[in-house]
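Undergrad: Data file final.cif (mmCIF, C-alpha atoms) is appended below.
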data_upload
#
loop_
_atom_site.label_atom_id
_atom_site.label_comp_id
_atom_site.auth_asym_id
_atom_site.auth_seq_id
_atom_site.Cartn_x
_atom_site.Cartn_y
_atom_site.Cartn_z
CA MET A 1041 218.45 86.94 146.36
CA PHE A 1042 216.85 85.27 143.32
CA VAL A 1043 213.40 83.65 143.58
CA PHE A 1044 211.91 81.62 140.74
CA PHE A 1045 208.46 82.50 139.39
CA PRO A 1046 205.89 81.02 139.09
CA THR A 1047 207.05 77.42 139.68
CA MET A 1048 207.27 76.30 143.33
CA HIS A 1049 208.47 72.69 142.82
CA ALA A 1050 212.00 71.73 141.79
CA GLU A 1051 210.69 68.97 139.49
CA LEU A 1052 209.10 71.60 137.26
CA LEU A 1053 212.10 73.93 136.95
CA PRO A 1054 213.84 74.43 133.60
CA ASP A 1055 217.03 72.39 133.30
CA ASP A 1056 219.34 75.40 133.14
CA VAL A 1057 218.23 77.14 136.36
CA LEU A 1058 221.17 77.23 138.74
CA PRO A 1059 221.08 76.04 142.37
CA GLY A 1060 221.34 79.58 143.74
CA VAL A 1061 217.78 80.38 142.65
CA LEU A 1062 215.30 79.82 145.49
CA LEU A 1063 211.79 78.41 145.25
CA LEU A 1064 208.97 80.21 147.04
CA ASP A 1065 207.56 78.34 150.03
CA PRO A 1066 203.97 79.46 150.78
CA GLY A 1067 203.94 77.76 154.19
CA TYR A 1068 202.11 74.46 153.59
CA ASP A 1069 204.57 72.14 155.35
CA ASP A 1070 205.59 72.42 158.99
CA ALA A 1071 209.33 72.33 158.31
CA GLU A 1072 211.17 74.70 156.03
CA SER A 1073 213.32 73.10 153.32
CA GLU A 1074 216.73 74.02 151.98
CA GLY A 1075 216.61 75.95 148.72
CA ARG A 1076 213.23 77.46 149.50
CA LEU A 1077 212.21 80.89 150.72
CA ARG A 1078 209.44 80.99 153.30
CA PRO A 1079 208.66 84.70 153.66
CA ALA A 1080 208.41 86.24 157.09
CA GLY A 1081 205.00 87.44 158.17
CA LEU A 1082 202.82 84.82 156.47
CA PRO A 1083 199.41 85.18 158.17
CA LEU A 1084 198.50 81.47 158.00
CA GLU A 1085 200.51 79.01 160.06
CA PRO A 1086 200.99 75.58 158.40
CA ALA A 1087 198.26 73.63 160.21
CA THR A 1088 195.66 76.28 159.41
CA ALA A 1089 197.00 76.57 155.86
CA ARG A 1090 196.57 72.83 155.24
CA ALA A 1091 193.05 72.84 156.65
CA LEU A 1092 192.04 75.81 154.49
CA VAL A 1093 193.59 74.27 151.37
CA ARG A 1094 191.77 70.99 152.02
CA ASP A 1095 188.41 72.73 152.44
CA SER A 1096 189.02 75.06 149.51
CA VAL A 1097 190.02 72.23 147.17
CA ASN A 1098 186.94 70.26 148.16
CA PHE A 1099 184.86 73.29 147.30
CA GLY A 1100 186.85 74.06 144.15
CA GLU A 1101 186.32 70.61 142.64
CA GLN A 1102 183.02 71.93 141.29
CA PHE A 1103 184.95 74.28 138.96
CA GLN A 1104 185.44 73.12 135.38
CA ALA A 1105 189.17 73.85 135.07
CA PRO A 1106 191.63 72.79 137.80
CA GLY A 1107 193.26 76.22 137.94
CA ASP A 1108 190.06 78.27 138.20
CA LEU A 1109 190.04 78.52 141.98
CA ALA A 1110 193.64 79.73 142.15
CA ALA A 1111 193.10 82.01 139.15
CA TYR A 1112 190.25 83.89 140.79
CA GLY A 1113 191.59 83.78 144.32
CA LEU A 1114 189.79 82.28 147.29
CA ILE A 1115 187.29 85.02 148.07
CA GLU A 1116 186.49 85.77 144.42
CA ALA A 1117 185.89 82.08 143.72
CA LEU A 1118 183.58 81.74 146.68
CA ASN A 1119 181.60 84.80 145.59
CA ARG A 1120 181.44 83.51 142.01
CA ASN A 1121 179.27 80.52 142.94
CA ASP A 1122 176.59 81.10 145.57
CA GLU A 1123 174.93 77.70 145.32
CA GLY A 1124 176.41 75.34 147.89
CA SER A 1125 179.16 77.76 148.92
CA ALA A 1126 177.52 79.67 151.76
CA ALA A 1127 178.58 77.28 154.51
CA ILE A 1128 182.22 76.94 153.45
CA GLN A 1129 182.48 80.68 152.76
CA SER A 1130 181.25 81.41 156.26
CA GLU A 1131 183.74 78.95 157.77
CA LEU A 1132 186.72 80.18 155.77
CA SER A 1133 185.89 83.81 156.54
CA ARG A 1134 185.54 82.98 160.23
CA ARG A 1135 188.95 81.30 160.31
CA MET A 1136 190.64 84.17 158.51
CA ARG A 1137 189.04 86.80 160.74
CA GLY A 1138 190.34 84.90 163.75
CA LEU A 1139 193.94 85.01 162.61
CA PRO A 1140 196.22 87.23 164.70
CA GLY A 1141 197.48 90.21 162.74
CA THR A 1142 194.84 89.79 160.02
CA PRO A 1143 192.20 92.47 160.64
CA GLU A 1144 189.10 92.46 158.47
CA SER A 1145 190.17 95.81 157.01
CA ASP A 1146 193.28 94.20 155.52
CA PRO A 1147 192.27 90.87 153.91
CA PHE A 1148 194.99 90.93 151.23
CA PRO A 1149 197.81 89.06 153.05
CA ALA A 1150 195.61 86.04 153.88
CA GLN A 1151 194.07 86.02 150.41
CA ALA A 1152 197.51 86.31 148.77
CA GLN A 1153 198.91 83.43 150.81
CA MET A 1154 195.85 81.30 150.01
CA THR A 1155 196.33 81.99 146.30
CA LEU A 1156 199.94 80.80 146.55
CA LEU A 1157 198.96 77.77 148.64
CA LEU A 1158 196.34 76.72 146.11
CA ALA A 1159 198.78 77.11 143.23
CA TRP A 1160 201.38 75.10 145.19
CA PHE A 1161 198.83 72.35 145.85
CA TYR A 1162 197.81 72.40 142.18
CA GLU A 1163 201.44 71.69 141.28
CA GLU A 1164 201.42 68.80 143.77
CA ARG A 1165 198.34 67.33 142.10
CA PHE A 1166 199.89 67.87 138.68
CA LEU A 1167 203.05 65.97 139.64
CA GLU A 1168 200.98 63.16 141.16
CA MET A 1169 198.99 62.83 137.94
CA GLN A 1170 202.15 62.90 135.86
CA ARG A 1171 203.64 60.05 137.90
CA LEU A 1172 200.41 58.05 137.61
CA GLU A 1173 200.29 58.52 133.85
CA GLN A 1174 203.92 57.51 133.45
CA GLY A 1175 203.27 54.39 135.52
CA LEU A 1176 200.16 53.64 133.47
CA ALA A 1177 202.13 53.87 130.23
CA VAL A 1178 204.73 51.43 131.54
CA SER A 1179 201.99 49.07 132.74
CA TRP A 1180 200.24 49.06 129.37
CA GLU A 1181 203.51 48.36 127.60
CA ALA A 1182 204.13 45.41 129.93
CA PHE A 1183 200.55 44.27 129.30
CA GLY A 1184 201.15 44.36 125.55
CA ARG A 1185 204.32 42.32 125.92
CA GLY A 1186 202.37 39.83 128.02
CA LEU A 1187 200.04 39.36 125.05
CA GLY A 1188 203.02 38.43 122.93
CA LEU A 1189 203.26 41.81 121.18
CA ASP A 1190 206.98 42.50 121.38
CA PRO A 1191 208.04 45.60 119.40
CA GLU A 1192 211.66 44.43 119.36
CA GLU A 1193 210.88 41.39 117.23
CA ASP A 1194 210.07 43.17 113.99
CA GLU A 1195 208.16 46.09 112.52
CA THR A 1196 204.92 44.08 112.41
CA GLY A 1197 205.11 43.41 116.14
CA GLU A 1198 205.68 47.09 116.81
CA ALA A 1199 202.65 48.04 114.72
CA GLU A 1200 200.50 45.46 116.53
CA LEU A 1201 201.66 46.80 119.88
CA ASP A 1202 200.82 50.35 118.82
CA ARG A 1203 197.31 49.24 117.76
CA ALA A 1204 196.78 47.26 120.97
CA LEU A 1205 197.74 50.17 123.19
CA SER A 1206 196.17 52.92 121.09
CA GLY A 1207 193.69 54.92 123.14
CA LEU A 1208 194.52 53.06 126.34
CA THR A 1209 197.22 55.41 127.63
CA ALA A 1210 196.46 59.00 128.51
CA PRO A 1211 199.07 61.47 127.21
CA LEU A 1212 201.22 63.24 129.76
CA VAL A 1213 199.62 66.54 130.64
CA GLY A 1214 202.62 68.73 129.79
CA ARG A 1215 203.09 71.57 132.28
CA PRO A 1216 200.81 73.36 134.76
CA GLN A 1217 198.95 76.39 133.44
CA TYR A 1218 199.49 79.26 135.85
CA PRO A 1219 197.26 82.27 136.54
CA TRP A 1220 200.51 84.22 136.55
CA ARG A 1221 199.05 87.74 136.93
CA VAL A 1222 197.27 86.85 140.17
CA LEU A 1223 200.25 84.87 141.43
CA LEU A 1224 202.63 87.72 140.69
CA GLU A 1225 200.69 90.13 142.89
CA ALA A 1226 200.52 87.51 145.65
CA VAL A 1227 204.26 86.82 145.47
CA ALA A 1228 205.12 90.52 145.48
CA LEU A 1229 203.22 91.02 148.74
CA PHE A 1230 205.65 88.74 150.60
CA LEU A 1231 208.87 89.11 148.62
CA PRO A 1232 211.73 90.56 150.73
CA GLU A 1233 213.27 93.87 149.72
CA GLY A 1234 216.04 93.43 147.19
CA ALA A 1235 214.79 90.05 146.00
CA VAL A 1236 214.69 89.50 142.23
CA LEU A 1237 212.15 87.26 140.52
CA VAL A 1238 213.55 84.84 137.93
CA THR A 1239 211.36 83.50 135.14
CA SER A 1240 211.52 81.70 131.82
CA GLU A 1241 207.77 81.67 131.16
CA ALA A 1242 206.87 82.85 127.65
CA GLU A 1243 203.43 84.25 128.49
CA PRO A 1244 204.40 86.93 131.04
CA VAL A 1245 207.53 87.85 129.08
CA SER A 1246 205.45 88.38 125.96
CA ALA A 1247 202.85 90.39 127.89
CA TRP A 1248 205.55 92.66 129.34
CA ALA A 1249 207.01 93.29 125.91
CA GLU A 1250 203.57 94.14 124.49
CA ALA A 1251 203.00 96.53 127.40
CA GLY A 1252 206.20 98.38 126.47
CA LEU A 1253 208.20 97.33 129.54
CA GLU A 1254 211.80 97.47 128.42
CA SER A 1255 214.47 95.06 129.59
CA VAL A 1256 218.25 95.30 129.44
CA VAL A 1257 220.89 92.60 129.26
CA ALA A 1258 222.21 92.05 132.78
CA ASP A 1259 225.72 93.16 133.53
CA GLY A 1260 228.01 90.24 134.33
CA ALA A 1261 228.46 91.43 137.90
CA ASP A 1262 224.70 91.42 138.46
CA LEU A 1263 224.00 87.92 137.14
CA GLY A 1264 224.70 86.16 140.44
CA GLY A 1265 225.31 82.87 138.64
CA LEU A 1266 222.45 83.20 136.16
CA PRO A 1267 223.30 82.36 132.53
CA GLY A 1268 224.67 84.99 130.17
CA GLY A 1269 222.02 86.72 128.10
CA THR A 1270 219.66 87.05 131.08
CA ARG A 1271 217.65 90.26 130.77
CA ILE A 1272 216.50 92.47 133.65
CA LEU A 1273 213.37 94.57 133.71
CA SER A 1274 212.08 96.77 136.51
CA ALA A 1275 208.55 98.10 136.95
CA PRO A 1276 205.85 98.59 139.59
CA VAL A 1277 203.99 95.41 140.47
CA TRP A 1278 200.70 96.71 139.07
CA ARG A 1279 202.29 97.21 135.65
CA LEU A 1280 203.94 93.79 135.71
CA SER A 1281 200.61 92.15 136.54
CA GLY A 1282 198.91 93.92 133.63
CA ARG A 1283 196.66 96.42 135.42
CA ARG A 1284 195.72 99.41 133.30
CA ARG A 1285 196.14 102.04 135.98
CA GLU A 1286 197.77 102.57 139.35
CA PRO A 1287 195.45 101.00 141.97
CA ALA A 1288 194.13 103.01 144.89
CA GLY A 1289 194.41 101.56 148.37
CA ARG A 1290 196.99 98.92 147.40
CA PRO A 1291 200.44 100.24 148.35
CA ASP A 1292 201.84 96.73 147.92
CA LEU A 1293 201.16 97.00 144.17
CA LEU A 1294 203.07 100.29 143.89
CA ARG A 1295 206.31 98.59 144.87
CA ARG A 1296 208.97 98.43 142.17
CA LEU A 1297 210.05 94.90 141.37
CA GLU A 1298 212.99 93.54 139.38
CA VAL A 1299 212.54 90.48 137.17
CA ALA A 1300 215.35 88.47 135.58
CA VAL A 1301 214.23 86.85 132.32
CA LEU A 1302 216.31 83.80 131.47
CA PRO A 1303 217.57 83.56 127.88
CA ALA A 1304 215.42 81.59 125.47
CA ARG A 1305 216.51 78.07 124.66
CA GLY A 1306 216.17 76.98 121.06
CA GLY A 1307 214.79 80.37 120.09
CA GLU A 1308 211.83 80.20 122.46
CA THR A 1309 211.29 81.25 126.08
CA ARG A 1310 209.51 78.68 128.15
#
Any chance you could put this one into structure tokens?
TA:
Amino acid sequence: MFVFFPTMHAELLPDDVLPGVLLLDPGYDDAESEGRLRPAGLPLEPATARALVRDSVNFGEQFQAPGDLAAYGLIEALNRNDEGSAAIQSELSRRMRGLPGTPESDPFPAQAQMTLLLAWFYEERFLEMQRLEQGLAVSWEAFGRGLGLDPEEDETGEAELDRALSGLTAPLVGRPQYPWRVLLEAVALFLPEGAVLVTSEAEPVSAWAEAGLESVVADGADLGGLPGGTRILSAPVWRLSGRRREPAGRPDLLRRLEVAVLPARGGETR
């Protein structure tokens, strides 16, 4: 089983990822979708997950960067800002303590799922903004044509259109910026045995190389439909996430995980 990391929306996948690679489903929607992996044992059922995401996002809007809340994790983010957070922290903690199978002594599963849910929701917001910006660009172009500035007439018309629209259209925001180290530990907590993560992200691949984690070119029989040149590396989760030493009290981070690194396109890994 191959599961893509860290992207959880098909619209954000690299073009060359094959259909056999699954997307992680952190349990936001009621129904499960084809091509997605919803892990067994998620502590938050969908209705509770949506309510917690809504409340957490409302709280997290006070953070400067959109990814800060997911980057720090729910509990860490709440502890980071005491002013105005006491009420929501109390409510979120109460809901999590009330979850069956989530004792206070083991908060990691609920926190890990919340981290994935927030990252998933961040992708949703990103895609919404991208669609809005694309629509805005088309609208401004139509507006310019309505003023009689038709770039197809001649070079002068094109220059006038450029000047008229300059500064009025926001550039597309590119791609989401992931707190991949935190997300990796959250994913690993729920990943089924034998599952292999698939990635093409340059940042984690570079970090693993700098940490001395060696990869080998996958044997053809082990590719499972992935493109030739895919490399496989295997290491404990805590090493993959960049921790300096083996953590105490976190057996989930001692698990050995395999990662398939897709070959770079155009000389660069995405």
Undergrad: When you count only C-alpha atoms, which of these residues is closest to Gly1268 of chain A: A:Val1245, A:Leu1297, A:Val1061, A:Ala1304?
TA: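 Ranked by minimum distance to Gly1268 of chain A, first place goes to A:Ala1304.
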Undergrad: One decimal, in Å: what's the spacing between atom CA of Trp1248 of chain A and atom CA of Trp1278 of chain A?
TA: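 Interatomic distance, atom CA of Trp1248 of chain A to atom CA of Trp1278 of chain A: 11.6 Å.
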Undergrad: One number please: atom CA of Ala1247 of chain A to atom CA of Ala1226 of chain A, in Å, one decimal.
TA: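 Separation between atom CA of Ala1247 of chain A and atom CA of Ala1226 of chain A: 18.1 Å.
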Undergrad: Distance atom CA of Val1097 of chain A-atom CA of Ala1152 of chain A, one decimal place?
TA: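 Computing the Euclidean distance for atom CA of Val1097 of chain A and atom CA of Ala1152 of chain A yields 16.0 Å.
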Undergrad: Near Ser1281 of chain A, counting only C-alpha atoms, which residues have an atom at most 9 Å away, once you skip same-chain residues fewer than 2 positions from it, shown as a VMD selection string?
TA: chain A and resid 1220 to 1225 1244 1248 1276 to 1279 1283
Undergrad: On this structure, the PyMOL selection byres ((chain A and resi 1233) around 10) would catch which residues? List them as number ranges by chain, sorted by chain and number.
TA: A: 1041, 1228, 1230-1232, 1234-1236, 1295-1297
Undergrad: Name every residue that the PyMOL selection byres ((chain A and resi 1067) around 7) selects in this structure, writing the answer as a list in words with chains first and numbers rising.
TA: Asp1065, Pro1066, Tyr1068, Asp1069, Arg1078, Glu1085 and Pro1086 of chain A
Undergrad: Could you give me, as a PyMOL selection string, the residues that have an atom at most 9 Å away from the point (211.4, 91.8, 136.7) in the coordinates of the file, using all atoms listed in the file?
TA: chain A and resi 1236-1239+1255+1271-1275+1280+1296-1301
Undergrad: Apply the PyMOL selection byres ((chain A and resi 1051) around 12) to the displayed file and report the matching residues as a PyMOL selection string.
TA: chain A and resi 1047-1050+1052-1055+1057+1063+1163-1164+1166-1168+1170-1171+1215-1216
Undergrad: Find, counting only C-alpha atoms, the residue in A:Arg1090, A:Arg1284, A:Arg1165, A:Arg1290 that gets nearest to Ala1251 of chain A.
TA: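 Checking each of A:Arg1090, A:Arg1284, A:Arg1165, A:Arg1290 against Ala1251 of chain A, counting only C-alpha atoms, the winner is A:Arg1284.
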Undergrad: Excluding Leu1229 of chain A and any residue of its chain fewer than 5 positions from it, enumerate the residues within 8 Å of it, using all atoms listed in the file, and give them as a list of chain:residue names.
TA: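 Answer for this query is A:Pro1149, A:Ala1152, A:Asp1292, A:Leu1293.
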